[in-house]
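K.L.:
Next comes coords_39.tsv, TSV, C-alpha atoms:
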chain	number	residue	atom	x	y	z
Z	9	MET	CA	0.00	0.00	0.00
Z	10	LYS	CA	1.36	3.45	-0.92
Z	11	VAL	CA	0.85	6.12	1.75
Z	12	LEU	CA	0.77	9.41	-0.11
Z	13	SER	CA	2.42	12.40	1.49
Z	14	LEU	CA	3.01	16.04	0.70
Z	15	ALA	CA	6.49	17.24	2.32
Z	16	ALA	CA	-38.23	-0.26	2.37
Z	17	LEU	CA	-37.17	-0.86	-1.09
Z	18	ILE	CA	-36.24	1.82	-3.37
Z	19	SER	CA	-36.85	4.20	-6.22
Z	20	LEU	CA	-33.76	2.84	-7.86
Z	21	VAL	CA	-32.67	5.42	-10.40
Z	22	ASN	CA	-33.19	8.79	-11.96
Z	23	ALA	CA	-36.31	9.02	-14.12
Z	24	SER	CA	-34.32	10.36	-17.06
Z	25	VAL	CA	-32.29	7.16	-17.14
Z	26	VAL	CA	-34.72	4.30	-16.62
Z	27	SER	CA	-38.32	3.59	-15.90
Z	28	LYS	CA	-38.98	3.49	-12.15
Z	29	ARG	CA	-40.88	1.19	-9.83
Z	30	ALA	CA	-40.87	0.83	-6.05
Z	31	SER	CA	-41.64	-2.12	-3.83
Z	32	PRO	CA	-42.01	-2.16	-0.03
Z	33	LEU	CA	-39.93	-3.93	2.56
Z	34	ASP	CA	-42.60	-5.86	4.47
Z	35	VAL	CA	-41.94	-5.61	8.23
Z	36	LYS	CA	-43.69	-8.04	10.58
Z	37	LEU	CA	-41.98	-6.88	13.81
Z	38	GLU	CA	-40.73	-3.45	14.83
Z	39	LEU	CA	-37.16	-2.95	13.68
Z	40	THR	CA	-34.55	-0.44	14.77
Z	41	VAL	CA	-32.20	-0.32	11.78
Z	42	TRP	CA	-28.82	1.38	11.66
Z	43	LYS	CA	-28.90	3.66	8.65
Z	44	THR	CA	-25.17	4.32	8.17
Z	45	GLY	CA	-23.87	2.29	5.24
Z	46	SER	CA	-27.30	0.75	4.57
Z	47	LEU	CA	-30.11	1.36	2.11
Z	48	PHE	CA	-31.22	4.24	4.30
Z	49	GLY	CA	-27.80	5.86	4.66
Z	50	GLU	CA	-26.54	8.98	2.92
Z	51	HIS	CA	-23.21	7.50	1.85
Z	52	VAL	CA	-22.59	6.20	-1.66
Z	53	THR	CA	-22.38	2.55	-0.61
Z	54	GLU	CA	-23.56	-0.46	-2.61
Z	55	LYS	CA	-27.32	-0.24	-2.21
Z	56	ALA	CA	-28.08	-2.35	-5.28
Z	57	GLN	CA	-26.49	-4.94	-7.52
Z	58	VAL	CA	-26.84	-4.42	-11.27
Z	59	PHE	CA	-26.62	-7.09	-13.95
Z	60	GLN	CA	-26.72	-6.99	-17.73
Z	61	GLY	CA	-27.47	-10.50	-18.78
Z	62	SER	CA	-25.31	-12.76	-16.61
Z	63	SER	CA	-22.60	-10.12	-16.10
Z	64	LYS	CA	-22.52	-8.06	-12.92
Z	65	VAL	CA	-21.83	-4.38	-13.50
Z	66	ALA	CA	-18.93	-3.21	-11.34
Z	67	PHE	CA	-19.79	-1.00	-8.37
Z	68	GLY	CA	-18.02	2.37	-8.32
Z	69	GLY	CA	-18.86	3.71	-4.85
Z	70	ILE	CA	-17.33	3.34	-1.41
Z	71	LYS	CA	-17.15	0.74	1.35
Z	72	LEU	CA	-16.64	2.03	4.86
Z	73	ARG	CA	-15.97	1.23	8.49
Z	74	VAL	CA	-17.82	3.16	11.15
Z	75	THR	CA	-17.47	3.44	14.88
Z	76	THR	CA	-19.91	1.30	16.83
Z	77	ASP	CA	-19.47	3.22	20.09
Z	78	ASN	CA	-22.05	5.72	21.39
Z	79	ILE	CA	-24.11	5.84	18.20
Z	80	SER	CA	-26.62	8.70	18.19
Z	81	GLU	CA	-30.34	7.96	17.81
Z	82	GLU	CA	-30.44	10.07	14.64
Z	83	PHE	CA	-28.55	7.34	12.79
Z	84	PHE	CA	-31.30	4.78	13.30
Z	85	GLN	CA	-34.52	4.17	11.38
Z	86	VAL	CA	-37.39	2.69	13.36
Z	87	ILE	CA	-39.75	0.66	11.16
Z	88	ALA	CA	-43.08	-0.27	12.68
Z	89	PRO	CA	-44.96	-3.47	11.74
Z	90	GLY	CA	-46.69	-2.92	8.43
Z	91	GLU	CA	-44.96	0.42	7.82
Z	92	THR	CA	-43.47	1.18	4.41
Z	93	VAL	CA	-40.32	3.31	4.37
Z	94	ASN	CA	-39.11	4.65	1.05
Z	95	THR	CA	-35.64	5.76	0.10
Z	96	SER	CA	-34.13	6.66	-3.26
Z	97	PHE	CA	-30.75	6.59	-4.97
Z	98	ASP	CA	-29.42	6.63	-8.50
Z	99	VAL	CA	-27.68	3.44	-9.59
Z	100	ALA	CA	-26.33	5.24	-12.66
Z	101	GLU	CA	-24.05	7.31	-10.41
Z	102	LEU	CA	-22.18	4.27	-9.15
Z	103	HIS	CA	-22.47	1.80	-12.04
Z	104	ASP	CA	-21.41	2.20	-15.65
Z	105	LEU	CA	-24.66	1.81	-17.58
Z	106	SER	CA	-23.41	3.63	-20.67
Z	107	THR	CA	-24.00	0.63	-22.93
Z	108	GLY	CA	-27.71	1.14	-22.45
Z	109	GLY	CA	-30.33	-1.53	-22.92
Z	110	THR	CA	-31.90	-3.86	-20.37
Z	111	PHE	CA	-30.50	-4.21	-16.85
Z	112	ASP	CA	-31.65	-6.25	-13.85
Z	113	ILE	CA	-31.43	-4.44	-10.51
Z	114	ALA	CA	-31.84	-5.88	-7.01
Z	115	SER	CA	-30.76	-5.16	-3.45
Z	116	VAL	CA	-28.98	-7.83	-1.43
Z	117	GLY	CA	-27.48	-7.14	1.96
Z	118	ALA	CA	-28.04	-6.95	5.68
Z	119	PHE	CA	-29.27	-4.40	8.18
Z	120	SER	CA	-27.45	-4.05	11.49
Z	121	THR	CA	-30.11	-3.73	14.17
Z	122	ALA	CA	-30.56	-2.60	17.76
Z	123	PRO	CA	-33.22	-3.46	20.34
Z	124	VAL	CA	-36.21	-1.13	20.68
Z	125	ASP	CA	-35.26	1.99	22.68
Z	126	SER	CA	-31.53	1.21	22.39
Z	127	THR	CA	-28.64	2.23	20.13
Z	128	GLU	CA	-26.45	-0.80	20.89
Z	129	LEU	CA	-26.00	-2.98	17.82
Z	130	THR	CA	-27.00	-6.52	18.71
Z	131	GLY	CA	-28.04	-8.23	15.49
Z	132	ALA	CA	-28.27	-8.37	11.73
Z	133	ILE	CA	-31.12	-9.09	9.36
Z	134	GLU	CA	-30.23	-10.21	5.86
Z	135	PHE	CA	-32.48	-9.43	2.92
Z	136	THR	CA	-32.85	-10.00	-0.79
Z	137	SER	CA	-35.22	-7.82	-2.79
Z	138	ASN	CA	-37.30	-8.54	-5.81
Z	139	THR	CA	-35.54	-7.88	-9.13
Z	140	ILE	CA	-36.47	-4.89	-11.25
Z	141	THR	CA	-35.82	-5.04	-14.98
Z	142	ALA	CA	-35.09	-1.59	-16.37
Z	143	SER	CA	-34.58	-0.17	-19.83
Z	144	VAL	CA	-31.66	2.29	-19.67
Z	145	ASP	CA	-30.82	5.24	-21.90
Z	146	GLY	CA	-27.06	4.74	-22.14
Z	147	ALA	CA	-26.20	8.34	-23.06
Z	148	ALA	CA	-28.24	9.73	-20.15
Z	149	ALA	CA	-26.72	7.21	-17.76
Z	150	GLU	CA	-23.20	8.11	-18.90
Z	151	LYS	CA	-23.88	11.80	-18.20
Z	152	VAL	CA	-25.20	11.00	-14.71
Z	153	ARG	CA	-22.07	9.00	-13.89
Z	154	ARG	CA	-19.69	11.55	-15.43
Z	155	ASP	CA	-21.25	14.45	-13.52
Z	156	PHE	CA	-21.20	12.50	-10.27
Z	157	THR	CA	-17.59	11.30	-10.48
Z	158	LYS	CA	-16.29	14.84	-10.88
Z	159	ARG	CA	-16.47	15.05	-7.09
Z	160	SER	CA	-13.66	12.51	-6.71
Z	161	THR	CA	-10.28	14.27	-6.81
Z	162	SER	CA	-7.03	12.94	-5.40
Z	163	GLN	CA	-4.79	14.71	-2.90
Z	164	SER	CA	-1.47	13.82	-1.35
Z	165	ASP	CA	-1.66	14.70	2.29
Z	166	CYS	CA	-0.52	12.10	4.86
Z	167	THR	CA	1.94	14.23	6.77
Z	168	SER	CA	3.37	14.58	10.27
Z	169	THR	CA	1.54	12.62	12.98
Z	170	LYS	CA	-1.10	11.36	10.55
Z	171	ARG	CA	1.56	9.78	8.41
Z	172	THR	CA	3.20	8.22	11.46
Z	173	SER	CA	-0.14	6.78	12.61
Z	174	THR	CA	-0.92	5.48	9.14
Z	175	VAL	CA	2.47	3.82	8.66
Z	176	ASN	CA	2.28	2.26	12.13
Z	177	ALA	CA	-1.23	0.99	11.40
Z	178	LEU	CA	0.07	-0.71	8.27
Z	179	ALA	CA	2.80	-2.45	10.25
Z	180	ASN	CA	0.31	-3.57	12.89
Z	181	CYS	CA	-2.14	-4.63	10.18
Z	182	ARG	CA	0.56	-6.85	8.69
Z	183	THR	CA	1.29	-8.44	12.08
Z	184	LEU	CA	-2.40	-9.09	12.79
Z	185	ALA	CA	-3.06	-10.46	9.32
Z	186	GLN	CA	-0.09	-12.84	9.54
Z	187	ALA	CA	-1.28	-14.19	12.90
Z	188	ALA	CA	-4.83	-14.54	11.54
Z	189	TYR	CA	-3.49	-16.30	8.45
Z	190	ASN	CA	-1.72	-18.85	10.65
Z	191	ALA	CA	-4.76	-19.32	12.89
Z	192	ALA	CA	-7.13	-19.85	9.97
Z	193	SER	CA	-5.77	-23.36	9.45
Z	194	THR	CA	-5.34	-24.30	13.13
Z	195	ASN	CA	-8.05	-22.59	15.19
Z	196	THR	CA	-11.25	-24.01	13.71
Z	197	ALA	CA	-13.31	-22.90	16.71
Z	198	LYS	CA	-12.56	-19.25	15.99
Z	199	VAL	CA	-13.08	-19.74	12.26
Z	200	GLN	CA	-16.50	-21.21	13.02
Z	201	GLU	CA	-17.31	-18.35	15.40
Z	202	TYR	CA	-16.52	-15.58	12.92
Z	203	PHE	CA	-17.08	-17.19	9.52
Z	204	LYS	CA	-19.75	-19.80	10.30
Z	205	SER	CA	-18.10	-22.72	8.52
Z	206	THR	CA	-14.81	-24.60	8.45
Z	207	PRO	CA	-14.60	-26.60	5.20
Z	208	SER	CA	-11.36	-26.51	3.26
Z	209	SER	CA	-12.85	-24.05	0.76
Z	210	THR	CA	-13.56	-21.50	3.51
Z	211	ILE	CA	-10.10	-21.96	5.03
Z	212	SER	CA	-8.51	-21.54	1.61
Z	213	THR	CA	-10.43	-18.30	0.98
Z	214	LEU	CA	-9.51	-16.90	4.39
Z	215	ARG	CA	-5.84	-17.69	3.98
Z	216	THR	CA	-5.70	-16.32	0.45
Z	217	VAL	CA	-7.27	-13.01	1.46
Z	218	LEU	CA	-5.22	-12.69	4.64
Z	219	GLN	CA	-1.97	-13.45	2.79
Z	220	ARG	CA	-2.81	-10.65	0.36
Z	221	VAL	CA	-3.46	-8.35	3.32
Z	222	VAL	CA	-0.05	-9.26	4.74
Z	223	THR	CA	1.55	-8.24	1.46
Z	224	GLU	CA	-0.46	-5.04	1.03
Z	225	CYS	CA	0.10	-3.86	4.62
Z	226	GLY	CA	3.76	-4.82	4.39
Z	227	SER	CA	4.84	-1.63	2.64
Z	228	SER	CA	3.98	2.06	2.84
Z	229	THR	CA	5.63	2.81	-0.51
Z	230	SER	CA	4.30	0.09	-2.79
Z	231	GLY	CA	1.24	-2.07	-3.31
Z	232	VAL	CA	-2.04	-1.97	-5.18
Z	233	SER	CA	-3.65	0.87	-3.20
Z	234	ARG	CA	-3.10	4.45	-2.11
Z	235	THR	CA	-4.00	5.88	1.29
Z	236	TYR	CA	-5.16	9.44	1.96
Z	237	CYS	CA	-5.57	11.26	5.24
Z	238	THR	CA	-8.14	13.85	4.17
Z	239	ASP	CA	-11.60	13.29	2.76
Z	240	VAL	CA	-10.88	13.20	-0.97
Z	241	TYR	CA	-14.29	11.72	-1.82
Z	242	GLY	CA	-16.41	13.72	0.61
Z	243	ALA	CA	-17.60	10.64	2.51
Z	244	CYS	CA	-16.20	11.21	6.00
Z	245	GLY	CA	-18.78	12.31	8.53
Z	246	SER	CA	-20.32	11.33	11.81
Z	247	ASN	CA	-19.32	7.78	12.79
Z	248	VAL	CA	-17.14	7.11	9.70
Z	249	LEU	CA	-13.64	5.93	10.60
Z	250	ALA	CA	-12.35	5.15	7.11
Z	251	TYR	CA	-13.58	4.16	3.68
Z	252	THR	CA	-12.38	2.48	0.51
Z	253	LEU	CA	-13.13	3.25	-3.11
Z	254	PRO	CA	-12.41	-0.16	-4.71
Z	255	SER	CA	-12.87	1.11	-8.27
Z	256	ALA	CA	-9.94	3.52	-7.80
Z	257	SER	CA	-7.98	1.36	-5.30
Z	258	TYR	CA	-7.68	4.00	-2.63
Z	259	ILE	CA	-8.39	4.15	1.10
Z	260	VAL	CA	-9.18	7.25	3.13
Z	261	ASN	CA	-8.54	7.54	6.87
Z	262	CYS	CA	-11.10	9.99	8.22
Z	263	PRO	CA	-10.52	12.45	11.09
Z	264	LEU	CA	-12.26	10.05	13.49
Z	265	TYR	CA	-9.67	7.37	12.62
Z	266	PHE	CA	-7.00	9.58	14.18
Z	267	SER	CA	-9.00	11.09	17.05
Z	268	ALA	CA	-11.12	8.17	18.29
Z	269	LEU	CA	-9.07	5.02	17.77
Z	270	PRO	CA	-6.07	3.62	19.63
Z	271	ALA	CA	-3.25	2.30	17.49
Z	272	LEU	CA	-3.82	-1.28	18.69
Z	273	THR	CA	-6.04	-2.76	21.36
Z	274	LYS	CA	-6.06	-5.95	23.38
Z	275	THR	CA	-9.77	-5.51	24.15
Z	276	CYS	CA	-11.91	-8.18	22.52
Z	277	HIS	CA	-14.16	-6.94	19.70
Z	278	ALA	CA	-12.96	-3.34	20.08
Z	279	GLN	CA	-11.92	-1.15	17.17
Z	280	ASP	CA	-8.48	0.32	16.58
Z	281	GLN	CA	-6.43	1.78	13.74
Z	282	ALA	CA	-4.80	-1.55	12.87
Z	283	THR	CA	-8.01	-3.56	12.43
Z	284	THR	CA	-9.68	-0.62	10.69
Z	285	THR	CA	-6.86	-0.62	8.14
Z	286	LEU	CA	-7.16	-4.40	7.81
Z	287	HIS	CA	-10.94	-4.06	7.33
Z	288	GLU	CA	-10.48	-1.49	4.56
Z	289	VAL	CA	-7.72	-3.44	2.79
Z	290	THR	CA	-10.03	-6.47	2.47
Z	291	HIS	CA	-12.46	-4.26	0.53
Z	292	LEU	CA	-9.95	-3.78	-2.29
Z	293	SER	CA	-10.90	-5.75	-5.38
Z	294	GLN	CA	-7.35	-7.10	-5.67
Z	295	ILE	CA	-7.39	-8.34	-2.06
Z	296	GLY	CA	-10.81	-9.69	-1.09
Z	297	GLY	CA	-13.59	-7.57	-2.55
Z	298	THR	CA	-15.42	-7.88	0.77
Z	299	GLY	CA	-18.71	-6.18	1.64
Z	300	ASP	CA	-20.08	-4.48	4.75
Z	301	LEU	CA	-22.92	-6.77	5.79
Z	302	GLY	CA	-22.47	-6.86	9.56
Z	303	CYS	CA	-20.71	-4.20	11.61
Z	304	GLY	CA	-19.45	-5.11	15.07
Z	305	TYR	CA	-19.24	-8.47	16.80
Z	306	ALA	CA	-22.96	-8.96	17.50
Z	307	ALA	CA	-24.04	-8.23	13.94
Z	308	ALA	CA	-21.14	-9.94	12.16
Z	309	THR	CA	-21.51	-13.20	14.08
Z	310	ARG	CA	-25.20	-13.38	13.25
Z	311	LEU	CA	-24.63	-13.44	9.50
Z	312	SER	CA	-25.37	-16.57	7.52
Z	313	THR	CA	-22.56	-18.73	6.18
Z	314	SER	CA	-22.96	-17.25	2.71
Z	315	SER	CA	-22.52	-13.68	4.04
Z	316	ALA	CA	-19.89	-14.22	6.73
Z	317	LEU	CA	-16.86	-13.48	4.51
Z	318	ASN	CA	-17.49	-9.88	5.50
Z	319	ALA	CA	-14.93	-7.10	6.04
Z	320	ASP	CA	-15.65	-6.71	9.74
Z	321	SER	CA	-15.54	-10.48	10.20
Z	322	TYR	CA	-11.90	-10.44	9.04
Z	323	ALA	CA	-11.12	-7.50	11.34
Z	324	LEU	CA	-12.85	-9.10	14.33
Z	325	PHE	CA	-11.16	-12.45	13.69
Z	326	ALA	CA	-7.74	-10.79	13.56
Z	327	ASN	CA	-8.51	-8.91	16.78
Z	328	ALA	CA	-9.66	-12.13	18.47
Z	329	ILE	CA	-6.46	-13.98	17.58
Z	330	TYR	CA	-4.28	-11.09	18.74
Z	331	ALA	CA	-6.23	-10.40	21.96
Z	332	GLY	CA	-6.80	-14.06	22.83
Z	333	CYS	CA	-10.57	-13.71	22.86
Re-express the file's structure as structure tokens.

P.N.:
Amino acid sequence: MKVLSLAALISLVNASVVSKRASPLDVKLELTVWKTGSLFGEHVTEKAQVFQGSSKVAFGGIKLRVTTDNISEEFFQVIAPGETVNTSFDVAELHDLSTGGTFDIASVGAFSTAPVDSTELTGAIEFTSNTITASVDGAAAEKVRRDFTKRSTSQSDCTSTKRTSTVNALANCRTLAQAAYNAASTNTAKVQEYFKSTPSSTISTLRTVLQRVVTECGSSTSGVSRTYCTDVYGACGSNVLAYTLPSASYIVNCPLYFSALPALTKTCHAQDQATTTLHEVTHLSQIGGTGDLGCGYAAATRLSTSSALNADSYALFANAIYAGC
């Protein structure tokens, strides 16, 4: 990794691009859903998957890690039984639909949840939406994406104490990833706890991704990604520690990364700079291409087997091996 220095369901897309339809998320019990990073959040995360034929269209937005401590009530959406909550976003901003024609669009993911009258994350609810087939005007979609991506400009700015913290986090990330790599083939109880299965295929995937993390975190001057210390994409905000833009292979450490996190912690399931860096590195397409389906121990360990190869699961597993959880 190169550290750069300077000495509901949804109205899916814009009406000018495709025809629109909306479908409800049918709630049987009251839910308290964490909005950050979800369908209801303001960040440009992967709210829908888009296919043209059998080919998935690459996602061009961000994946992020957020603090799970002292979350404000404003970042939760309470959904009552039978209530329909609508949200909207434009898939043309974050997917290249310039070829035009017919696309299939669906949302697949998980909501992190809290008990009623609480802001402590204690669970996760996975969902898969119906599929919407849309006819796309390729020229209009290309303009939407072009206008949106103008916001993303690169800066070189990891200096002074921020550079020191970032370089140290990379070194600690490498150490944690190496220990997790070794444990993946010997500590099946922990693999089962965090990843929900222990067949050879799961172990192989874990070790492959973790070995790539070891390599990527092993250098601050080379690698597949760049790291920034200011908000080059405009996605830092309340609760956001860091984020990754896989399509451009860069990672941003937000102000909260430096002000709220220790460099390394021995506390089980706690967040620090090292595991946050590890979390973000797994998002890179060249490393693991992981998603953000469950944030924090309670949510991540309630994911199904098919969803458990999740960025925070890797971070929590590495923390558990290091801290002896």

K.L.:
State, in Å with one decimal place, the distance from CA of Val222 (chain Z) to CA of Arg182 (chain Z).

P.N.:
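About the pair CA of Val222 (chain Z) and CA of Arg182 (chain Z): they are 4.7 Å apart.
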
K.L.:
Within 7 Å of region 208-221 of chain Z, counting only C-alpha atoms, which residues show up once you throw out same-chain ones fewer than 2 positions away? Write them as a count of residues only, please.

P.N.:
14

K.L.:
Any idea what the distance is between CA of Val260 (chain Z) and CA of Ala118 (chain Z)?

P.N.:
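So the two atoms, CA of Val260 (chain Z) and CA of Ala118 (chain Z), lie 23.7 Å apart.
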
K.L.:
Write out as JSON an axis-aligned box for region 98-117 of chain Z: all of its atoms listed in the file, 5 Å added on each side, centre and edge lengths in Å with one decimal.

P.N.:
{"center_x": -26.7, "center_y": -0.3, "center_z": -10.5, "size_x": 20.5, "size_y": 25.1, "size_z": 34.9}

K.L.:
Can I get the residues of region 123-190 of chain Z within 7 Å of region 108-113 of chain Z, each with the closest pair of atoms and their distance in Å to one decimal, using all atoms listed in the file, sorted chain first then ascending number, as a Markdown table?

P.N.:
| residue | atom | partner | partner_atom | distance |
| --- | --- | --- | --- | --- |
| Z:Thr139 | CA | Z:Ile113 | CA | 5.5 |
| Z:Ile140 | CA | Z:Ile113 | CA | 5.1 |
| Z:Thr141 | CA | Z:Asp112 | CA | 4.5 |
| Z:Ala142 | CA | Z:Phe111 | CA | 5.3 |
| Z:Ser143 | CA | Z:Thr110 | CA | 4.6 |
| Z:Val144 | CA | Z:Gly108 | CA | 5.0 |
| Z:Asp145 | CA | Z:Gly108 | CA | 5.2 |
| Z:Gly146 | CA | Z:Gly108 | CA | 3.7 |

K.L.:
Can I get the selection written as a PDB file, in the frame of the given file, with C-alpha atoms?

P.N.:
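Once written, result_31.pdb looks like this:
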ATOM      1  CA  THR Z 139     -35.540  -7.880  -9.130  1.00  0.00           C
ATOM      2  CA  ILE Z 140     -36.470  -4.890 -11.250  1.00  0.00           C
ATOM      3  CA  THR Z 141     -35.820  -5.040 -14.980  1.00  0.00           C
ATOM      4  CA  ALA Z 142     -35.090  -1.590 -16.370  1.00  0.00           C
ATOM      5  CA  SER Z 143     -34.580  -0.170 -19.830  1.00  0.00           C
ATOM      6  CA  VAL Z 144     -31.660   2.290 -19.670  1.00  0.00           C
ATOM      7  CA  ASP Z 145     -30.820   5.240 -21.900  1.00  0.00           C
ATOM      8  CA  GLY Z 146     -27.060   4.740 -22.140  1.00  0.00           C
TER       9      GLY Z 146
END

K.L.:
Any idea what the distance is between CA of Gly90 (chain Z) and CA of Glu38 (chain Z)?

P.N.:
8.8 Å

K.L.:
Can you write out as CSV which residues of region 57-122 of chain Z fall within 10 Å of region 306-321 of chain Z, alongside each residue's closest atom pair and its distance in Å to one decimal, counting all atoms listed in the file and ordering rows by chain and ascending residue number?

P.N.:
residue,atom,partner,partner_atom,distance
Z:Lys71,CA,Z:Ala319,CA,9.4
Z:Leu72,CA,Z:Ala319,CA,9.4
Z:Arg73,CA,Z:Asp320,CA,8.0
Z:Gly117,CA,Z:Ser315,CA,8.5
Z:Ala118,CA,Z:Leu311,CA,8.3
Z:Phe119,CA,Z:Ala307,CA,8.7
Z:Ser120,CA,Z:Ala307,CA,5.9
Z:Thr121,CA,Z:Ala307,CA,7.6
Z:Ala122,CA,Z:Ala307,CA,9.4

K.L.:
Point out the residue among Z:Lys204, Z:His103, Z:Lys43, Z:Lys64 with the least atom-to-atom distance to Val86 (chain Z), counting all atoms listed in the file.

P.N.:
Z:Lys43

K.L.:
For region 233-246 of chain Z, where the input has fewer atoms than it should, I would like N, CA, C and O atoms rebuilt and written as a JSON list (two decimals), keeping the file's coordinate frame.

P.N.:
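Output file part.json follows:
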[["chain", "number", "residue", "atom", "x", "y", "z"],
["Z", 233, "SER", "N", -2.76, -0.22, -3.62],
["Z", 233, "SER", "CA", -3.65, 0.87, -3.20],
["Z", 233, "SER", "C", -2.87, 2.10, -2.77],
["Z", 233, "SER", "O", -1.67, 2.07, -2.55],
["Z", 234, "ARG", "N", -3.62, 3.20, -2.66],
["Z", 234, "ARG", "CA", -3.10, 4.45, -2.11],
["Z", 234, "ARG", "C", -3.91, 4.78, -0.87],
["Z", 234, "ARG", "O", -5.09, 4.47, -0.79],
["Z", 235, "THR", "N", -3.29, 5.46, 0.08],
["Z", 235, "THR", "CA", -4.00, 5.88, 1.29],
["Z", 235, "THR", "C", -3.92, 7.40, 1.43],
["Z", 235, "THR", "O", -2.85, 7.99, 1.26],
["Z", 236, "TYR", "N", -5.06, 8.00, 1.74],
["Z", 236, "TYR", "CA", -5.16, 9.44, 1.96],
["Z", 236, "TYR", "C", -5.59, 9.71, 3.39],
["Z", 236, "TYR", "O", -6.24, 8.88, 4.03],
["Z", 237, "CYS", "N", -5.25, 10.88, 3.87],
["Z", 237, "CYS", "CA", -5.57, 11.26, 5.24],
["Z", 237, "CYS", "C", -6.53, 12.44, 5.31],
["Z", 237, "CYS", "O", -6.79, 12.97, 6.39],
["Z", 238, "THR", "N", -7.03, 12.91, 4.19],
["Z", 238, "THR", "CA", -8.14, 13.85, 4.17],
["Z", 238, "THR", "C", -9.23, 13.28, 3.26],
["Z", 238, "THR", "O", -8.99, 12.37, 2.47],
["Z", 239, "ASP", "N", -10.39, 13.86, 3.35],
["Z", 239, "ASP", "CA", -11.60, 13.29, 2.76],
["Z", 239, "ASP", "C", -11.70, 13.61, 1.27],
["Z", 239, "ASP", "O", -12.48, 14.46, 0.85],
["Z", 240, "VAL", "N", -10.96, 12.89, 0.45],
["Z", 240, "VAL", "CA", -10.88, 13.20, -0.97],
["Z", 240, "VAL", "C", -12.18, 12.90, -1.71],
["Z", 240, "VAL", "O", -12.41, 13.42, -2.80],
["Z", 241, "TYR", "N", -13.05, 12.08, -1.14],
["Z", 241, "TYR", "CA", -14.29, 11.72, -1.82],
["Z", 241, "TYR", "C", -15.51, 12.37, -1.17],
["Z", 241, "TYR", "O", -16.63, 12.24, -1.64],
["Z", 242, "GLY", "N", -15.30, 13.06, -0.07],
["Z", 242, "GLY", "CA", -16.41, 13.72, 0.61],
["Z", 242, "GLY", "C", -17.31, 12.76, 1.35],
["Z", 242, "GLY", "O", -18.52, 13.01, 1.49],
["Z", 243, "ALA", "N", -16.77, 11.66, 1.87],
["Z", 243, "ALA", "CA", -17.60, 10.64, 2.51],
["Z", 243, "ALA", "C", -17.37, 10.52, 4.01],
["Z", 243, "ALA", "O", -18.07, 9.77, 4.68],
["Z", 244, "CYS", "N", -16.37, 11.22, 4.55],
["Z", 244, "CYS", "CA", -16.20, 11.21, 6.00],
["Z", 244, "CYS", "C", -17.34, 12.00, 6.63],
["Z", 244, "CYS", "O", -17.89, 12.93, 6.04],
["Z", 245, "GLY", "N", -17.71, 11.63, 7.81],
["Z", 245, "GLY", "CA", -18.78, 12.31, 8.53],
["Z", 245, "GLY", "C", -18.95, 11.65, 9.86],
["Z", 245, "GLY", "O", -18.09, 10.90, 10.32],
["Z", 246, "SER", "N", -20.05, 11.91, 10.50],
["Z", 246, "SER", "CA", -20.32, 11.33, 11.81],
["Z", 246, "SER", "C", -20.23, 9.81, 11.73],
["Z", 246, "SER", "O", -20.82, 9.19, 10.85]]
